[in-house]
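Chemist: Dropping in data.cif, which is mmCIF, C-alpha atoms and all ligand atoms:
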```
data_protein
#
loop_
_atom_site.group_PDB
_atom_site.id
_atom_site.type_symbol
_atom_site.label_atom_id
_atom_site.label_comp_id
_atom_site.auth_asym_id
_atom_site.auth_seq_id
_atom_site.Cartn_x
_atom_site.Cartn_y
_atom_site.Cartn_z
ATOM 1 C CA MET A 1 8.669 10.834 16.415
ATOM 2 C CA ALA A 2 8.470 9.469 12.890
ATOM 3 C CA ARG A 3 5.270 8.816 10.963
ATOM 4 C CA LEU A 4 5.735 5.349 9.492
ATOM 5 C CA PHE A 5 4.000 2.756 7.386
ATOM 6 C CA PHE A 6 4.847 -0.399 5.446
ATOM 7 C CA ALA A 7 3.963 -0.215 1.777
ATOM 8 C CA LEU A 8 4.358 -1.571 -1.730
ATOM 9 C CA TRP A 9 5.841 0.752 -4.330
ATOM 10 C CA PRO A 10 4.640 0.258 -7.912
ATOM 11 C CA ASP A 11 7.318 -0.183 -10.561
ATOM 12 C CA ALA A 12 7.962 2.629 -13.049
ATOM 13 C CA ALA A 13 5.481 1.461 -15.683
ATOM 14 C CA ALA A 14 2.702 0.903 -13.136
ATOM 15 C CA ARG A 15 3.488 4.237 -11.521
ATOM 16 C CA ALA A 16 3.095 5.994 -14.862
ATOM 17 C CA ALA A 17 -0.231 4.245 -15.554
ATOM 18 C CA LEU A 18 -1.480 5.001 -12.043
ATOM 19 C CA GLY A 19 -0.413 8.635 -12.448
ATOM 20 C CA ARG A 20 -2.625 8.869 -15.520
ATOM 21 C CA LEU A 21 -5.503 7.259 -13.611
ATOM 22 C CA ALA A 22 -4.944 9.708 -10.729
ATOM 23 C CA ALA A 23 -5.220 12.671 -13.098
ATOM 24 C CA GLU A 24 -8.365 11.293 -14.700
ATOM 25 C CA VAL A 25 -10.049 10.436 -11.414
ATOM 26 C CA SER A 26 -9.188 13.844 -9.976
ATOM 27 C CA SER A 27 -10.713 15.701 -12.833
ATOM 28 C CA ARG A 28 -13.874 13.596 -12.505
ATOM 29 C CA THR A 29 -14.233 13.993 -8.736
ATOM 30 C CA GLY A 30 -12.777 17.480 -8.294
ATOM 31 C CA GLY A 31 -10.085 16.028 -6.029
ATOM 32 C CA ARG A 32 -6.318 16.503 -5.815
ATOM 33 C CA PRO A 33 -4.239 13.836 -7.538
ATOM 34 C CA VAL A 34 -1.588 12.088 -5.461
ATOM 35 C CA ALA A 35 1.811 12.957 -6.982
ATOM 36 C CA ALA A 36 3.145 10.068 -9.063
ATOM 37 C CA ALA A 37 6.222 9.729 -6.832
ATOM 38 C CA LYS A 38 3.982 9.195 -3.811
ATOM 39 C CA LEU A 39 1.648 6.546 -5.215
ATOM 40 C CA HIS A 40 1.872 3.445 -3.000
ATOM 41 C CA LEU A 41 -0.222 0.680 -1.499
ATOM 42 C CA THR A 42 -0.144 0.624 2.299
ATOM 43 C CA LEU A 43 0.298 -2.724 4.050
ATOM 44 C CA VAL A 44 0.402 -1.657 7.699
ATOM 45 C CA PHE A 45 -0.002 1.888 8.994
ATOM 46 C CA LEU A 46 1.941 2.499 12.211
ATOM 47 C CA GLY A 47 1.470 6.207 12.811
ATOM 48 C CA GLU A 48 3.903 8.031 15.087
ATOM 49 C CA VAL A 49 6.804 5.833 16.195
ATOM 50 C CA ASP A 50 9.846 6.657 18.323
ATOM 51 C CA PRO A 51 12.789 6.369 15.889
ATOM 52 C CA ALA A 52 14.618 4.310 18.522
ATOM 53 C CA ARG A 53 12.099 1.532 17.816
ATOM 54 C CA ILE A 54 12.789 1.369 14.083
ATOM 55 C CA PRO A 55 15.260 -1.550 14.500
ATOM 56 C CA ALA A 56 12.502 -3.572 16.207
ATOM 57 C CA LEU A 57 10.190 -2.833 13.286
ATOM 58 C CA ALA A 58 12.909 -3.844 10.861
ATOM 59 C CA SER A 59 13.452 -7.158 12.561
ATOM 60 C CA ALA A 60 9.692 -7.840 12.517
ATOM 61 C CA ALA A 61 9.726 -7.183 8.762
ATOM 62 C CA GLN A 62 12.873 -9.205 8.239
ATOM 63 C CA GLY A 63 11.110 -12.338 9.502
ATOM 64 C CA VAL A 64 8.298 -12.195 6.960
ATOM 65 C CA ALA A 65 8.405 -15.323 4.805
ATOM 66 C CA ALA A 66 6.263 -14.808 1.723
ATOM 67 C CA GLU A 67 6.499 -15.323 -2.000
ATOM 68 C CA ALA A 68 6.633 -12.662 -4.705
ATOM 69 C CA PHE A 69 3.394 -12.233 -6.659
ATOM 70 C CA ASP A 70 1.763 -10.202 -9.418
ATOM 71 C CA LEU A 71 -0.594 -7.483 -8.267
ATOM 72 C CA ALA A 72 -3.276 -6.266 -10.681
ATOM 73 C CA LEU A 73 -5.246 -3.178 -9.706
ATOM 74 C CA ASP A 74 -8.409 -3.549 -11.739
ATOM 75 C CA ARG A 75 -11.047 -1.386 -10.098
ATOM 76 C CA LEU A 76 -11.672 2.118 -8.858
ATOM 77 C CA GLY A 77 -13.487 2.915 -5.664
ATOM 78 C CA ALA A 78 -13.922 5.562 -2.993
ATOM 79 C CA PHE A 79 -13.922 6.083 0.738
ATOM 80 C CA ALA A 80 -16.687 8.656 0.714
ATOM 81 C CA ARG A 81 -16.206 9.942 4.260
ATOM 82 C CA ALA A 82 -12.436 10.269 3.846
ATOM 83 C CA ARG A 83 -13.070 11.849 0.410
ATOM 84 C CA VAL A 84 -10.507 9.557 -1.131
ATOM 85 C CA ALA A 85 -10.620 7.868 -4.528
ATOM 86 C CA TRP A 86 -8.495 4.779 -4.991
ATOM 87 C CA ALA A 87 -7.456 1.893 -7.205
ATOM 88 C CA GLY A 88 -7.879 -1.605 -5.801
ATOM 89 C CA CYS A 89 -8.525 -5.216 -6.672
ATOM 90 C CA GLU A 90 -11.763 -6.907 -7.542
ATOM 91 C CA ARG A 91 -10.283 -9.914 -5.714
ATOM 92 C CA PRO A 92 -7.075 -9.179 -3.792
ATOM 93 C CA PRO A 93 -4.504 -11.940 -4.405
ATOM 94 C CA GLU A 94 -4.207 -14.493 -1.600
ATOM 95 C CA LYS A 95 -0.465 -13.884 -1.495
ATOM 96 C CA LEU A 96 -1.003 -10.190 -0.801
ATOM 97 C CA LEU A 97 -3.482 -10.892 2.000
ATOM 98 C CA ALA A 98 -1.273 -13.591 3.508
ATOM 99 C CA MET A 99 1.878 -11.458 3.532
ATOM 100 C CA GLN A 100 -0.034 -8.445 4.864
ATOM 101 C CA ALA A 101 -1.524 -10.503 7.688
ATOM 102 C CA GLN A 102 1.855 -11.989 8.520
ATOM 103 C CA LEU A 103 3.556 -8.583 8.594
ATOM 104 C CA GLU A 104 0.799 -7.080 10.730
ATOM 105 C CA ARG A 105 0.946 -9.984 13.185
ATOM 106 C CA ARG A 106 4.721 -9.739 13.489
ATOM 107 C CA VAL A 107 4.508 -5.994 14.055
ATOM 108 C CA ARG A 108 1.924 -6.499 16.801
ATOM 109 C CA ASP A 109 3.999 -9.261 18.381
ATOM 110 C CA ALA A 110 6.900 -6.785 18.475
ATOM 111 C CA GLY A 111 4.760 -4.510 20.638
ATOM 112 C CA PHE A 112 3.430 -2.016 18.075
ATOM 113 C CA ALA A 113 -0.224 -1.066 17.787
ATOM 114 C CA PRO A 114 -1.005 -0.501 14.116
ATOM 115 C CA ASP A 115 -4.384 0.647 12.916
ATOM 116 C CA ASP A 116 -6.780 -2.181 13.764
ATOM 117 C CA ARG A 117 -9.457 -1.697 11.155
ATOM 118 C CA PRO A 118 -9.801 -4.669 8.810
ATOM 119 C CA TYR A 119 -7.267 -4.426 6.002
ATOM 120 C CA ALA A 120 -8.650 -2.865 2.825
ATOM 121 C CA ALA A 121 -6.053 -3.065 0.051
ATOM 122 C CA HIS A 122 -6.189 0.220 -1.833
ATOM 123 C CA LEU A 123 -3.877 2.678 -3.544
ATOM 124 C CA THR A 124 -5.039 6.250 -3.070
ATOM 125 C CA LEU A 125 -5.217 8.152 -6.352
ATOM 126 C CA ALA A 126 -6.886 11.379 -5.252
ATOM 127 C CA ARG A 127 -7.756 13.181 -2.036
ATOM 128 C CA ARG A 128 -10.340 15.808 -1.144
ATOM 129 C CA ALA A 129 -12.722 14.473 -3.741
ATOM 130 C CA ARG A 130 -15.800 16.655 -3.927
ATOM 131 C CA ALA A 131 -17.924 13.819 -5.279
ATOM 132 C CA PRO A 132 -17.491 10.132 -4.400
ATOM 133 C CA LEU A 133 -16.317 7.971 -7.247
ATOM 134 C CA ALA A 134 -18.718 5.164 -8.191
ATOM 135 C CA PRO A 135 -17.024 1.744 -8.236
ATOM 136 C CA GLU A 136 -15.950 0.664 -11.700
ATOM 137 C CA ARG A 137 -13.692 -1.847 -13.416
ATOM 138 C CA VAL A 138 -10.633 -0.538 -15.249
ATOM 139 C CA ASP A 139 -7.918 -2.057 -17.409
ATOM 140 C CA PRO A 140 -5.636 -3.712 -14.869
ATOM 141 C CA VAL A 141 -2.464 -1.932 -13.834
ATOM 142 C CA THR A 142 -0.105 -4.767 -12.951
ATOM 143 C CA TRP A 143 3.294 -5.058 -11.384
ATOM 144 C CA ARG A 144 5.433 -7.770 -9.889
ATOM 145 C CA VAL A 145 5.582 -7.389 -6.110
ATOM 146 C CA ALA A 146 9.043 -8.622 -5.171
ATOM 147 C CA THR A 147 9.801 -6.250 -2.274
ATOM 148 C CA PHE A 148 8.047 -4.321 0.464
ATOM 149 C CA ALA A 149 9.231 -1.190 2.233
ATOM 150 C CA LEU A 150 9.187 0.694 5.505
ATOM 151 C CA VAL A 151 8.364 4.290 4.616
ATOM 152 C CA GLU A 152 8.481 7.536 6.532
ATOM 153 C CA SER A 153 6.102 10.358 5.773
ATOM 154 C CA VAL A 154 8.298 13.422 6.182
ATOM 155 C CA PRO A 155 6.364 16.260 7.767
ATOM 156 C CA GLY A 156 6.753 19.662 6.197
ATOM 157 C CA GLU A 157 8.350 18.242 3.069
ATOM 158 C CA GLY A 158 5.223 16.325 2.171
ATOM 159 C CA THR A 159 7.370 13.514 0.815
ATOM 160 C CA TYR A 160 7.787 9.819 1.535
ATOM 161 C CA ARG A 161 11.205 8.354 2.266
ATOM 162 C CA THR A 162 11.946 4.640 2.048
ATOM 163 C CA LEU A 163 13.856 3.688 5.202
ATOM 164 C CA ALA A 164 14.384 0.021 4.388
ATOM 165 C CA GLU A 165 13.222 -2.555 1.897
ATOM 166 C CA TRP A 166 12.920 -6.355 2.076
ATOM 167 C CA ALA A 167 12.811 -8.907 -0.727
ATOM 168 C CA LEU A 168 10.062 -11.495 -0.963
ATOM 169 C CA GLU A 169 11.041 -15.033 -1.857
ATOM 170 C CA PRO A 170 11.088 -16.046 -5.511
ATOM 171 C CA GLU A 171 7.789 -17.628 -6.497
ATOM 172 C CA LYS A 172 7.939 -21.403 -6.336
ATOM 173 C CA THR A 173 7.210 -22.808 -9.755
ATOM 174 C CA LYS A 174 3.983 -24.696 -9.758
ATOM 175 C CA GLY A 175 4.373 -28.348 -10.674
ATOM 176 C CA ARG A 176 2.438 -29.565 -13.687
ATOM 177 C CA ALA A 177 -0.394 -31.934 -12.945
HETATM 178 P P1 LIG A 201 -4.872 6.536 2.572
HETATM 179 O O1 LIG A 201 -4.106 6.571 1.290
HETATM 180 O O2 LIG A 201 -6.134 5.776 2.469
HETATM 181 O O3 LIG A 201 -5.019 7.898 3.181
HETATM 182 C C1 LIG A 201 0.403 7.221 4.455
HETATM 183 O O4 LIG A 201 -0.386 8.163 5.100
HETATM 184 C C2 LIG A 201 -0.405 6.005 4.134
HETATM 185 O O5 LIG A 201 -0.951 5.441 5.322
HETATM 186 C C3 LIG A 201 -1.569 6.235 3.216
HETATM 187 O O6 LIG A 201 -1.636 5.167 2.300
HETATM 188 C C4 LIG A 201 -2.759 6.245 4.114
HETATM 189 O O7 LIG A 201 -3.940 5.705 3.571
HETATM 190 C C5 LIG A 201 -2.351 5.330 5.204
HETATM 191 N N1 LIG A 201 -3.000 5.689 6.439
HETATM 192 C C6 LIG A 201 -3.049 6.909 7.001
HETATM 193 N N2 LIG A 201 -3.725 6.851 8.167
HETATM 194 C C7 LIG A 201 -4.127 5.569 8.319
HETATM 195 C C8 LIG A 201 -4.845 4.866 9.301
HETATM 196 N N3 LIG A 201 -5.303 5.443 10.407
HETATM 197 N N4 LIG A 201 -5.057 3.555 9.099
HETATM 198 C C9 LIG A 201 -4.603 2.939 8.003
HETATM 199 N N5 LIG A 201 -3.898 3.543 7.053
HETATM 200 C C10 LIG A 201 -3.668 4.839 7.200
#
```
The structure in this file should be written as structure tokens.

Modeler:
Amino acid sequence: MARLFFALWPDAAARAALGRLAAEVSSRTGGRPVAAAKLHLTLVFLGEVDPARIPALASAAQGVAAEAFDLALDRLGAFARARVAWAGCERPPEKLLAMQAQLERRVRDAGFAPDDRPYAAHLTLARRARAPLAPERVDPVTWRVATFALVESVPGEGTYRTLAEWALEPEKTKGRA
């Protein structure tokens, strides 16, 4: 079985900025920073999947029709019970929520049973926080979301491996009024 999820990878500049935030948040909460190479924003968490079903997942992803968008992570928050500190959005962009909902629906229609809690867009910065982080605004860390990925969490290695990646459509230019 393979432990899989769909995610957004930050670009290099955002990854560096988020790595700095992860270090800062960890020192404040006594948690363990997520390694910079592992920082990601989950779209749909699948859990353990038979590798033979990966092509079905890929074709569900392939059919997603959504436009590229800018994502700005502008706040910190915590899941106190999970002891996680994260970066998220004061107001998640509509385009993120729409593409996430579309991907999740397509994955369900393909017969998978992803986590069914309401989607909470967040990028985990630190785990095993000893103290919950109070919500706060931060200078936005922004990147252009032009692709999304199917990622495997490799047991033992503690690494993430991108299995496949799909491009979003170029943003349609808005007409002037
Ligand atoms: P987390 O960062 O909040 O722990 C790989 O484990 C990714 O999938 C992480 O982003 C993790 O979220 C997320 N994840 C793990 N278990 C999950 C679950 N049951 N439901 C939703 N997302 C989950």

Chemist: Could you pull the residues within 8 Å of segment 18-28 of chain A, counting all atoms listed in the file, minus those fewer than 2 positions along the same chain, as a list in words?

Modeler: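 Once the nearby chain positions are removed, what remains is Ala14, Arg15, Ala16, Gly30, Gly31, Arg32, Pro33, Val34, Ala35, Ala36, Leu39, Ala85, Leu125, Ala126, Ala129, Leu133 and Val141 of chain A.
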
Chemist: Expressed in Å to a single decimal, how great is the separation between atom CA of Leu8 of chain A and atom CA of Phe148 of chain A?

Modeler: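 Atom-to-atom, atom CA of Leu8 of chain A to atom CA of Phe148 of chain A, that is 5.1 Å.
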
Chemist: Could I get the residues of chain A with an atom no further than 9 Å from an atom of ligand LIG 201 (chain A), each paired with its nearest atom pair and that distance in Å to one decimal, using only C-alpha atoms and all ligand atoms, sorted by chain and residue number, as JSON lines?

Modeler:
```
{"residue": "A:Arg3", "atom": "CA", "partner": "A:LIG201", "partner_atom": "O4", "distance": 8.2}
{"residue": "A:Leu4", "atom": "CA", "partner": "A:LIG201", "partner_atom": "C1", "distance": 7.6}
{"residue": "A:Phe5", "atom": "CA", "partner": "A:LIG201", "partner_atom": "O5", "distance": 6.0}
{"residue": "A:Phe6", "atom": "CA", "partner": "A:LIG201", "partner_atom": "O5", "distance": 8.2}
{"residue": "A:Ala7", "atom": "CA", "partner": "A:LIG201", "partner_atom": "O6", "distance": 7.8}
{"residue": "A:Leu39", "atom": "CA", "partner": "A:LIG201", "partner_atom": "O6", "distance": 8.3}
{"residue": "A:His40", "atom": "CA", "partner": "A:LIG201", "partner_atom": "O6", "distance": 6.6}
{"residue": "A:Leu41", "atom": "CA", "partner": "A:LIG201", "partner_atom": "O6", "distance": 6.0}
{"residue": "A:Thr42", "atom": "CA", "partner": "A:LIG201", "partner_atom": "O6", "distance": 4.8}
{"residue": "A:Leu43", "atom": "CA", "partner": "A:LIG201", "partner_atom": "N5", "distance": 8.1}
{"residue": "A:Val44", "atom": "CA", "partner": "A:LIG201", "partner_atom": "N5", "distance": 6.8}
{"residue": "A:Phe45", "atom": "CA", "partner": "A:LIG201", "partner_atom": "N5", "distance": 4.7}
{"residue": "A:Leu46", "atom": "CA", "partner": "A:LIG201", "partner_atom": "N4", "distance": 7.7}
{"residue": "A:Gly47", "atom": "CA", "partner": "A:LIG201", "partner_atom": "N2", "distance": 7.0}
{"residue": "A:Phe79", "atom": "CA", "partner": "A:LIG201", "partner_atom": "O2", "distance": 8.0}
{"residue": "A:Ala82", "atom": "CA", "partner": "A:LIG201", "partner_atom": "O3", "distance": 7.8}
{"residue": "A:Val84", "atom": "CA", "partner": "A:LIG201", "partner_atom": "O2", "distance": 6.8}
{"residue": "A:Ala85", "atom": "CA", "partner": "A:LIG201", "partner_atom": "O2", "distance": 8.6}
{"residue": "A:Trp86", "atom": "CA", "partner": "A:LIG201", "partner_atom": "O1", "distance": 7.9}
{"residue": "A:Pro114", "atom": "CA", "partner": "A:LIG201", "partner_atom": "N4", "distance": 7.6}
{"residue": "A:Asp115", "atom": "CA", "partner": "A:LIG201", "partner_atom": "N4", "distance": 4.8}
{"residue": "A:Asp116", "atom": "CA", "partner": "A:LIG201", "partner_atom": "N4", "distance": 7.6}
{"residue": "A:Arg117", "atom": "CA", "partner": "A:LIG201", "partner_atom": "N4", "distance": 7.2}
{"residue": "A:Tyr119", "atom": "CA", "partner": "A:LIG201", "partner_atom": "C9", "distance": 8.1}
{"residue": "A:Ala120", "atom": "CA", "partner": "A:LIG201", "partner_atom": "C9", "distance": 8.8}
{"residue": "A:His122", "atom": "CA", "partner": "A:LIG201", "partner_atom": "O2", "distance": 7.0}
{"residue": "A:Leu123", "atom": "CA", "partner": "A:LIG201", "partner_atom": "O1", "distance": 6.2}
{"residue": "A:Thr124", "atom": "CA", "partner": "A:LIG201", "partner_atom": "O1", "distance": 4.5}
{"residue": "A:Leu125", "atom": "CA", "partner": "A:LIG201", "partner_atom": "O1", "distance": 7.9}
{"residue": "A:Ala126", "atom": "CA", "partner": "A:LIG201", "partner_atom": "O1", "distance": 8.6}
{"residue": "A:Arg127", "atom": "CA", "partner": "A:LIG201", "partner_atom": "O3", "distance": 7.9}
{"residue": "A:Val151", "atom": "CA", "partner": "A:LIG201", "partner_atom": "C1", "distance": 8.5}
{"residue": "A:Glu152", "atom": "CA", "partner": "A:LIG201", "partner_atom": "C1", "distance": 8.3}
{"residue": "A:Ser153", "atom": "CA", "partner": "A:LIG201", "partner_atom": "C1", "distance": 6.6}
{"residue": "A:Tyr160", "atom": "CA", "partner": "A:LIG201", "partner_atom": "C1", "distance": 8.4}
```

Chemist: Counting only C-alpha atoms, figure out which residue out of A:Ala134, A:Pro118, A:Glu165, A:Thr159 gets nearest to Ser59 of chain A.

Modeler: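 The shortest atom-to-atom distance to Ser59 of chain A comes from A:Glu165.
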
Chemist: So how many Å separate atom CA of Ala167 of chain A and atom CA of Ala13 of chain A, to one decimal?

Modeler: 19.6 Å

Chemist: Using the chain letters and numbering of this document, enumerate as JSON, numbers by chain the residues selected by the PyMOL selection byres (((chain A and resi 67) around 10) and not hetatm).

Modeler: {"A": [64, 65, 66, 68, 69, 95, 96, 98, 99, 145, 146, 147, 167, 168, 169, 170, 171, 172]}

Chemist: Taking all atoms of segment 141-152 of chain A that the file lists and extending 8 Å past them on each side, where is the centre of the axis-aligned box and how long are its edges? Answer in Å to one decimal, as AutoDock Vina command-line options.

Modeler:
```
--center_x 3.7 --center_y -0.5 --center_z -3.7 --size_x 28.3 --size_y 32.2 --size_z 36.4
```

Chemist: Distance atom CA of Leu150 of chain A-atom CA of Ala58 of chain A, one decimal place?

Modeler: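 Those two atoms sit 7.9 Å apart.
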
Chemist: Save segment 136-170 of chain A to a file: N, CA and C atoms, as a compact mmCIF listing (two decimals), in the first residue's frame.

Modeler:
```txt
# COMPACT_ATOMS: atom_id res chain seq x y z
N GLU A 136 -2.47 34.67 14.38
CA GLU A 136 -1.93 36.01 14.12
C GLU A 136 -1.74 36.22 12.64
N ARG A 137 -1.78 37.49 12.23
CA ARG A 137 -1.50 37.83 10.83
C ARG A 137 0.01 37.89 10.64
N VAL A 138 0.47 37.52 9.46
CA VAL A 138 1.89 37.65 9.12
C VAL A 138 2.02 38.26 7.72
N ASP A 139 3.22 38.74 7.41
CA ASP A 139 3.46 39.20 6.04
C ASP A 139 3.17 38.05 5.09
N PRO A 140 2.36 38.28 4.07
CA PRO A 140 1.98 37.16 3.21
C PRO A 140 3.17 36.49 2.52
N VAL A 141 3.12 35.17 2.50
CA VAL A 141 4.05 34.39 1.68
C VAL A 141 3.22 33.95 0.47
N THR A 142 3.64 34.40 -0.70
CA THR A 142 2.80 34.22 -1.90
C THR A 142 3.52 33.42 -2.96
N TRP A 143 2.78 32.55 -3.61
CA TRP A 143 3.31 31.94 -4.83
C TRP A 143 2.18 31.70 -5.81
N ARG A 144 2.62 31.52 -7.06
CA ARG A 144 1.68 31.29 -8.16
C ARG A 144 1.40 29.79 -8.21
N VAL A 145 0.14 29.41 -8.01
CA VAL A 145 -0.22 28.00 -8.07
C VAL A 145 -0.60 27.68 -9.52
N ALA A 146 0.31 26.98 -10.20
CA ALA A 146 0.08 26.64 -11.60
C ALA A 146 0.01 25.14 -11.80
N THR A 147 0.34 24.37 -10.75
CA THR A 147 0.30 22.91 -10.84
C THR A 147 -0.20 22.35 -9.51
N PHE A 148 -0.65 21.10 -9.55
CA PHE A 148 -0.88 20.37 -8.30
C PHE A 148 -0.33 18.96 -8.48
N ALA A 149 -0.07 18.28 -7.37
CA ALA A 149 0.70 17.04 -7.44
C ALA A 149 0.05 15.92 -6.64
N LEU A 150 0.30 14.69 -7.10
CA LEU A 150 0.00 13.50 -6.31
C LEU A 150 1.30 13.09 -5.64
N VAL A 151 1.26 12.97 -4.32
CA VAL A 151 2.48 12.79 -3.53
C VAL A 151 2.36 11.53 -2.69
N GLU A 152 3.47 10.81 -2.61
CA GLU A 152 3.54 9.65 -1.73
C GLU A 152 4.42 9.97 -0.53
N SER A 153 3.91 9.62 0.63
CA SER A 153 4.70 9.73 1.85
C SER A 153 5.43 8.39 2.01
N VAL A 154 6.74 8.43 1.89
CA VAL A 154 7.51 7.18 1.86
C VAL A 154 7.85 6.75 3.29
N PRO A 155 7.30 5.61 3.70
CA PRO A 155 7.52 5.20 5.09
C PRO A 155 9.00 4.86 5.29
N GLY A 156 9.46 5.03 6.50
CA GLY A 156 10.86 4.72 6.77
C GLY A 156 11.75 5.88 6.39
N GLU A 157 11.68 6.27 5.12
CA GLU A 157 12.52 7.39 4.66
C GLU A 157 12.09 8.72 5.26
N GLY A 158 10.81 8.81 5.58
CA GLY A 158 10.30 10.10 6.07
C GLY A 158 10.36 11.18 5.02
N THR A 159 10.23 10.80 3.76
CA THR A 159 10.28 11.81 2.69
C THR A 159 8.97 11.76 1.89
N TYR A 160 8.77 12.79 1.10
CA TYR A 160 7.63 12.84 0.19
C TYR A 160 8.16 12.74 -1.24
N ARG A 161 7.47 11.96 -2.06
CA ARG A 161 7.87 11.79 -3.44
C ARG A 161 6.70 12.17 -4.34
N THR A 162 6.96 13.10 -5.26
CA THR A 162 5.92 13.48 -6.22
C THR A 162 5.79 12.38 -7.27
N LEU A 163 4.59 11.81 -7.38
CA LEU A 163 4.36 10.73 -8.34
C LEU A 163 3.93 11.28 -9.69
N ALA A 164 3.17 12.36 -9.67
CA ALA A 164 2.69 12.96 -10.91
C ALA A 164 2.26 14.38 -10.61
N GLU A 165 2.26 15.20 -11.64
CA GLU A 165 1.90 16.60 -11.47
C GLU A 165 1.05 17.05 -12.65
N TRP A 166 0.07 17.89 -12.39
CA TRP A 166 -0.83 18.37 -13.45
C TRP A 166 -0.81 19.89 -13.48
N ALA A 167 -0.90 20.44 -14.69
CA ALA A 167 -0.92 21.90 -14.84
C ALA A 167 -2.34 22.41 -14.75
N LEU A 168 -2.51 23.55 -14.09
CA LEU A 168 -3.78 24.26 -14.13
C LEU A 168 -3.81 25.09 -15.43
N GLU A 169 -5.00 25.55 -15.76
CA GLU A 169 -5.11 26.34 -16.99
C GLU A 169 -4.58 27.75 -16.75
N PRO A 170 -4.04 28.37 -17.79
CA PRO A 170 -3.61 29.77 -17.61
C PRO A 170 -4.81 30.61 -17.18
```
